Amino acid sequence: MVLLPILAAACGSNPASPSPTVPSSSLPLVPVMGGARLNASQLANWFSRRQPQPAGFYGATEPVEALAAYFIDEGAREGVAGDVAFAQSIIETGWFRFSGAVPGSKNNFAGIGAVDGSPGDAASFPDARTGVRAQIQHLRAYADPSAISCTIPPLHAPCVDPRFALVTPKGRAPLWNQFGGGVWASSSTYGADIVARYQEALAFNGLSF
């Protein structure tokens with residue numbers, strides 16, 4: 001399922017945005033901040049075996065093995081769970097097929113700037129690693145109240161997230177489960193979809209919550 005056309009808050013929030021709540025769900029509560037449980041090879045293997053068939057419509061600018069490595073590396077740099085961020089990008093891009101409003105050439109794997117009614121305003125990044133870094137930085141803005149500015153410090157890499165300052169207050173959604181209903185995206189099931197996809201990746205690799 002591709003959610004790009006209905007993104008509402010991936011470009012940052014404002015005082016009118018709804019306060020995040022923890023949805024009632026049978027899924028576990030998963031923090032945004034923390035270490036990855038899956039490595040890049042495990043993520044790439046899961047993707048290759050699980051992607052919708054027939055395969056052959058991959059639209060990212062770099063191979064999935066490279067993308068997975070970027071998510072793990074950039075996530076570790078900022079203390080964000082990079083393996084779950086990879087699962088988020090699966091939801092956002094439709095398994096990196098980019099059949100929504102944001103093309104793969106933008107290297108935007110999280111719909112940053114793709115607001116309802118104006119998906120053409122989505123941010124564009126010069127390469128895949130920069131796009132992943134922007135996503136990780138944006139996630140930290142949502143989850144970490146100490147990430148008060150897009151500078152070094154508190155970040156550990158140069159600021160590339162063009163919407164970092166628009167996330168207010170910082171740390172407003174520390175759980176992936178809270179990302180739906182207008183927090184990161186319009187869909188009320190957005191956070192649950194990410195957690196469910198991550199749960200699937202864990203199970204594929206013989207792990208569980």
# chains A, B, ... in the order shown; residues from 1 in each chain; ligands from 1

call {"tool": "residues_around", "arguments": {"residues": "A:Ala165", "least_positions_apart": "5", "cutoff": "9 Å", "atoms": "only C-alpha atoms", "output": "list in words"}}
result
Gly12, Ala141, Ile148, Ser149, Cys150 and Lys170 of chain A

call {"tool": "write_last_selection", "arguments": {"atoms": "C-alpha atoms", "output": "tab-separated table (two decimals), in the first residue's frame"}}
result
chain	number	residue	atom	x	y	z
A	12	GLY	CA	6.64	18.89	10.12
A	141	ALA	CA	13.00	15.49	15.64
A	148	ILE	CA	16.22	20.99	19.62
A	149	SER	CA	17.96	22.15	16.43
A	150	CYS	CA	19.20	20.72	13.16
A	170	LYS	CA	10.46	18.15	19.54

call {"tool": "residues_around", "arguments": {"residues": "A:Val195", "least_positions_apart": "5", "cutoff": "9 Å", "atoms": "only C-alpha atoms", "output": "MDAnalysis selection string"}}
result
chainID A and resid 27:30 84 87:88 176:177 190 200

call {"tool": "closest_residue", "arguments": {"among": "A:Ala173, A:Cys159, A:Leu207, A:Ile136", "to": "A:Gly75", "atoms": "only C-alpha atoms"}}
result
A:Ile136

call {"tool": "closest_residue", "arguments": {"among": "A:Phe57, A:Trp184, A:Phe164, A:Tyr70", "to": "A:Ala128", "atoms": "only C-alpha atoms"}}
result
A:Tyr70

call {"tool": "atom_distance", "arguments": {"atom1": "atom CA of A:Asn45", "atom2": "atom CA of A:Val80"}}
result
21.3 Å

call {"tool": "closest_residue", "arguments": {"among": "A:Ala185, A:Leu43, A:Val64, A:Ile112", "to": "A:Asp83", "atoms": "only C-alpha atoms"}}
result
A:Leu43

call {"tool": "atom_distance", "arguments": {"atom1": "atom CA of A:Val102", "atom2": "atom CA of A:Arg37"}}
result
28.8 Å

call {"tool": "closest_residue", "arguments": {"among": "A:Gly94, A:Gly100, A:Gly82, A:Gly171", "to": "A:Val132", "atoms": "only C-alpha atoms"}}
result
A:Gly82

call {"tool": "select_by_dssp", "arguments": {"residues": "stretch 50-173 of chain A", "states": "helix (DSSP H, G or I)", "output": "PyMOL selection string"}}
result
chain A and resi 50+64-78+82-93+104-106+119-121+128-143+164-166

call {"tool": "atom_distance", "arguments": {"atom1": "atom CA of A:Ser105", "atom2": "atom CA of A:Ser186"}}
result
24.0 Å

call {"tool": "closest_residue", "arguments": {"among": "A:Ile91, A:Met33, A:Ala134, A:Leu175", "to": "A:Ser146", "atoms": "only C-alpha atoms"}}
result
A:Met33
